[in-house]
Structures are given as structure tokens and as C-alpha cells.
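Worksheet for the structure shown next.
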Number of protein chains: 2
Amino acid sequence: MKFNKKLESMNTYETAKPIELVVREFGIESKDIMKLASNENPYGCSPKVQKSIVNIISCMALYPDDSMIKLKIALSNRFEIEVENIIIGSGSDQVIEFIMHSKANANSKILINSVTFAMYEIYAKHVGAEVIKTTSIEHNLEEFYTLYQDQNPDIIFLCTPNNPTGDALGSMELFSFLDKIDSDTLVVIDGAYMEYAQAKDNSKKVDPKLIVSKYENVIYLGTFSKAYGLGGMRVGYGVANENIIKELYKLRPPFNITTLSLEAASVALEDEEFVHKTSSLNFQEMDRYEDFALKQKINITNSYTNFVTFHLNQNQNSSKISYQLLSKGIIVRDLHSYDMNAIRVTVGTNKQNSKFFLAFKKLL
Amino acid sequence: MKFNKKLESMNTYETAKPIELVVREFGIESKDIMKLASNENPYGCSPKVQKSIVNIISCMALYPDDSMIKLKIALSNRFEIEVENIIIGSGSDQVIEFIMHSKANANSKILINSVTFAMYEIYAKHVGAEVIKTTSIEHNLEEFYTLYQDQNPDIIFLCTPNNPTGDALGSMELFSFLDKIDSDTLVVIDGAYMEYAQAKDNSKKVDPKLIVSKYENVIYLGTFSKAYGLGGMRVGYGVANENIIKELYKLRPPFNITTLSLEAASVALEDEEFVHKTSSLNFQEMDRYEDFALKQKINITNSYTNFVTFHLNQNQNSSKISYQLLSKGIIVRDLHSYDMNAIRVTVGTNKQNSKFFLAFKKLL
């Protein structure tokens, strides 16, 4: 059977090795496996969320409220915006998909950072758009601006803090950049790790309300998968000018969020204390990573997230080390596929991190 | 800001009115609202599923197992097929989306029944394909075959039992049709309500194993949203030849099913007794609908599902009656948007159905 030609060159996202497959391949019991590969919140989610889900467990049979009114109101209160400025996706990835299919096509160019979230490029391929990349590993807005002028892209993706490196843009610098972009170029600010960044340094905070009020061509993306501890529930969102949201809505499939996920995200927003407390623990533990890297003489990026990227030395091989850790039941992210001799490690709990340091040190 | 031109003519799926919006618009308390509009299982889901979800509630923070190995093995055991024959979607709708984007494009034709599940046409518009429809309201495979010969479509959708009418094809008749279709035309058999159909009449049963072993160009779709009582969890699946599945997989976004949904669907497959019991109750209650329709002199389609379609008489207006029911807190599906003066009503519990009969009768 013949399929569309574009499928021939299509890549799919390579997720971190699921625990279930490590159990099968290495015969390690699931309780002995430690996953520090997907930047989940190691403290789980708010206990209030767990309680609320148990309370509505009988609603699994009922289709989700497709108006998502409860979650939209919770988000609009949080950000002081209107519900018309919000679209909810199955993870912020799905909002990226809507963006790509609504604004880009086979004649488009998409401008992204050299090393960044892989889904931008994957979705660009879905529509056949050309992807232009910077050369700088950390976001360099001067280089972005030069490429913007030379290439005239339809969409620019800025990921701040950036995944998989952890660096973040200052909000002043970011707004100066946005001021220079023409109103027909859509700029996407992916703030998946923003809750962590603003906990560490308020000058990195990008306020969705400012985005909506100042720019008609910018969309801010957020997620419940990271700081809110709901990686398993698949809820992300886009915040933008009502006109952008209206267009994206045309591509949203019905019932794209589960009934339990809508409840979980809504209740998660009621417990900001949980996010503050666990972000604070995250940066306490991050200090230990910085000490470790210093002692082991490995460079790390100054991270505004809940992960650390180790840029390994020449005599250290990221794929080999990742595999050795895997065989011991420790899952980390090899960044070899990003053309980097580096590994990305989620900052876990105190105990998890100690276990990682011990195992990692032996392999250096 | 300019967006892709195709968005201008794009329709979105109109879901039944969510309970949450009825509460807001009519000031009716949520406990007094009865939704017989989305064909959810009125008996909920298996108690075993509820228990299993409570047990893994702390896993909400963890990204789903993207290999979905547990659910795939459960499905492969159920249907006696290989895991390579299976793709899981966020509802079977998402598998329809993968099918459309992999096989169809702006030069394609898609053949569907005149009245059928709305997502086929919506996704066809996403890729700019032309939609060819039969004239017959119930599936007429002779008409399908004539149109197939005349129009040479890339994809044919057969929905059996059909939504929103409830009629079902005999499997012998269906297989004879499939035998005549060339191997480059993809035929989709949407069996969302198949568990109900086979409970009523085994000659309507389409066995996914037969599809896989006999046809390299046919895909069977199933869902956990109906008989399994997991409408809120968004899990559907496609079963086909490995080559088709491989192509569809290229379009699957990572983590398209939540952690809790994967568990719920896997456990649901362990409790077939629940499906048998609730399907049996469904057809007991369906008898009451048939009696009611006979007494009220309204035509209904002989239904192999958990819903009944009332083809109203000329002096009865489906939109007016639906609205009047809504104002009393009873949500049904007006089929006016399908160009039919009809309403579709989910067969509820004994008590729900009695309440519906009482209210409906007053409006006739």
C-alpha cells in the first residue's frame, strides 16, 4: 500500500527508556529502577490532587467536559487573562502541533535553536516546513534576529528555560527581541520549566499576561507535566491573543484531555504552595549537582530547571555511560542524538541523587 | 496575522452539551442533570478498573510508558494478534487522524456513508481531501461499491454499527465487499460499538484477527469509550497489518495516552464479565425504547448499540424537542446537524430511561 511521500523522511520522538522496558531487558525489578530521564517532579503531585481524583473516580465513564470551563477559569484567574486567551492541549506538545498545522506549510521556514525540544522539528516535518537552526547551543537572541532578517521565518520557537540544556533568557532581553519582530511572524515562547526558572531568578520570569496585552503575534506555552507533577496526565496550555487562539481551536480534536486530567490540573492550580516547596527542594539538591560537577571536573550548564546537563570530557562517552547506568537500573538521557557528548539528568530526591552520584562517579 | 487558507473552511466537532454548561445556562444543579447524549456506559466502568486506578494514583507524576506494552499485550491476547498489529490512540478518533494524514492529501477522495461519525469528514478537511458520500442513510454496500468504482477513493470508511443511526452490517456481507476492493485502497472498519452488536447478534461481529490475517489494506478500530465504560479516559485502538501500523506510528505524538488511562484500559480487558453484564442490561432497556416508540408511533432504527435514534414525525421538531428536554436537564443529541429530523438518545439505566420517557412523551 502506498502512503503519503512525506512519511518517508519523518522522524518520531525518542522518549527516555520506559521503566517497563528496562524491567524486561535487564531483568531488574521495577522497584529498583530509578528514572532520572524525563524531568518529572520527583516529589509527585500535590496530595490535594490525588484526593480529588479519588473523589471523582466514578466519572471515568463520562466524556470530558469539552468546554474545559473549570480549568480555563482556574488558568484565567492565575494569569489574570480571559478564558478566550487560552487553549488546552494534551501536553503543550499538542499546542505546538496546532500551531504548526495552522501557521506553517510546505513553503514555510521555522526558526529554532540548534539544541532544543525535539518536537518543534518533528512537527515541522509533518507539514513539510524547512527548519532553520542557530549555531549557538544556548539561545542567542542576536543570532536569532539575524536569521529572522535573513530567512523570514513564519514561526520562531524560543524555549526558555531551554530543554535539554537548562539555560534561560532574561525577560527584558526577550521583550526587546519581541518588539523587533513583525506582526505576521508567530513567536512561540515555550515556558515548560518556567515555574522552576522564576523560583530561582525572578528576572527570568515571562508573564503570560504581558504577552497577551503587548503582542498580537506571540503565544506562551505552559505545562502541568513538570513543576506541577502531572507528567502522566498530559495537560499543557497556550496563552495568546484571542485571534490566535480561535485559529488554533479549529484544529483541536474533541475531548483531547481526559476527565481525570482536567480535574487534576484544575486542583493543582489551587496548591501553589506545593510548587513553591518542591521547586525550593529542587534547587537545594541542584547545589549538590554543582558541587559534584566541580569535584569531578565536568562542565554543567547553569540550570533554571529540574535537570542538569553534564557536558562530558573527551575521554568520557555519553552513550557508553548512559548504557552502563541503565544496566544498573538508572535511566538518564543521553544527548548523543542532539550531537552532544552530554547526559541530561533529572534532579531527583536527596536519596535518588546520592545514589546517582555514587554510580556515576564509578563510571568516570 | 495570516494563517493557512484551509482553516477558513474548517469545521470542528460539535460535542453534546457538557453538563457543566447546562448548569451555567439553565441554573439546574448538576445532580439533577441527566446526560443521554454521548453514549457512555450508564453503568460506569468495571469496579476492578476503579480499584486499580486508586492503587496507582501516585503515578500521576510519571510520564506514560510510551511503549504501552501492558495494554498492547492485553489487546494482543484478547484478539489473538501480535503487538505489531496494534496502534493506540487518544480515542479511536486519533487513529482516524493518523490514517487521514498518512494516506490522504489534497488530491485524495474519501468515501463515507451519508450519515456517519462526523470526525471522518472533519479530518478529511484537515488534509484538504474531497469527501464522497452515499445517498442511503443506512450503510448500503452496493452503493459503496458503485461509488468506489466510479470515484477511486483512497480511503473508505465503514462504521458498523453506525453512529448516529445504530444499524450494523452483517460480517459475511462485509467480507464479500472487502474481497472486491483493490489493495491500495485503505478500508477503515470503525467498530466503536462492536461489543454491543455482537452481544445482540453474533452475525454482526467483525473479528479483528480475521481482518489482519486476510486483508493487507483494512484497519479495524475499537474503543474503550463505549461498552468498557471509559469515555473519560480517551483510549482507542487500530488493528491492522504490520505495514499499515508502522506508517501510522510515524504520526503518533509521544505520550498520547495518560498513565492512568493505560492502566484503566488494560484492567478493563481483564473484566469481560462487566461488558457482558452491562450489554445485556442495555438490550433489556432497549426493549422498553422499542415499546415506547411503537406506542408513540415514532420510527426508530433497529439499533445494535447503546443508543436509539428516533426519526420524528413531521409535526415534531428535533431541535425544539431537544431544547425543551435540555431546559428540563435532559441532554440528548439533536441530529438536525446531520440533516435529519431525529434525536439520538443513549439507553440509560432503568430509572433514567423512565424519566426520559415521561419527559419526552409530554413534548410529543
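A note on labels: chains of the C-alpha cells are A, B, ... as shown, every chain counts residues from 1, and ligands are counted from 1 in their shown order.
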
* **helix (DSSP H, G or I) per DSSP on the backbone: members of stretch 53-134 of chain A, as a VMD selection string** => chain A and resid 53 to 55 57 to 61 69 to 79 83 to 85 92 to 103 119 to 127

Using only C-alpha atoms, which residues of stretch 34-129 of chain A come within 8 Å of stretch 264-277 of chain A, and what is the closest atom pair for each, with the distance in Å to one decimal? Give it as CSV, sorted by chain and residue number.
residue,atom,partner,partner_atom,distance
A:Cys45,CA,A:Ala268,CA,7.8
A:Ser46,CA,A:Phe274,CA,5.9
A:Lys48,CA,A:Val267,CA,7.1
A:Val49,CA,A:Ala264,CA,5.4
A:Gln50,CA,A:Ala264,CA,7.7
A:Ser52,CA,A:Ala264,CA,7.3
A:Ile53,CA,A:Ala264,CA,6.6
A:Lys70,CA,A:Ser266,CA,6.7
A:Leu71,CA,A:Ser266,CA,4.8
A:Ala74,CA,A:Ser266,CA,6.2
A:Leu75,CA,A:Leu269,CA,7.6
A:Arg78,CA,A:Leu269,CA,7.7

* Given a cut-off of 7 Å, which residues of chain A touch chain B, counting only C-alpha atoms, written out as a ChimeraX atom specification? -> /A:1-4,7,10-13,18,20,40-41,44-45,50,54,57-58,60-66,102-104,183-184,229-234,250,254,258-259

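Separating atom CA of B:Asn85 from atom CA of A:Glu25 is a distance of 21.7 Å.
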
* To do: Might you pull out every residue within 9 Å of B:Ser327, with only C-alpha atoms counted and same-chain residues fewer than 4 positions away left off, and present them as a ChimeraX atom specification?
  => /B:22,26,28,322-323,331

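The closest residue to A:Lys204, picked from A:Leu169, A:Ile343, A:Ile321, A:Ile137 and counting only C-alpha atoms, is A:Leu169.
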
* Please return as number ranges by chain: the residues of stretch 8-241 of chain A that backbone DSSP assigns to strand (DSSP E or B). => A: 34-35, 86-89, 109-112, 130-133, 155-159, 186-190, 218-223, 236-240

* **Residue among B:Thr305, B:Ser280, B:Ser76, B:Thr349 lying closest to B:Val212, counting only C-alpha atoms** => B:Ser76

If we count only C-alpha atoms and set the cut-off at 7 Å, which residues sit around A:Val218, ignoring sequence neighbours fewer than 5 positions away in its own chain? Please answer as a PDB file with C-alpha atoms, in the first residue's frame.
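The resulting file, result-v8.pdb, is reproduced below:
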ATOM      1  CA  LEU A 186       4.390  33.945  15.114  1.00  0.00           C
ATOM      2  CA  VAL A 187       6.741  33.701  18.085  1.00  0.00           C
ATOM      3  CA  VAL A 188       6.280  30.761  20.437  1.00  0.00           C
ATOM      4  CA  ILE A 211       2.443  38.565  26.321  1.00  0.00           C
ATOM      5  CA  ALA A 240      -2.222  34.256  23.406  1.00  0.00           C
TER       6      ALA A 240
END
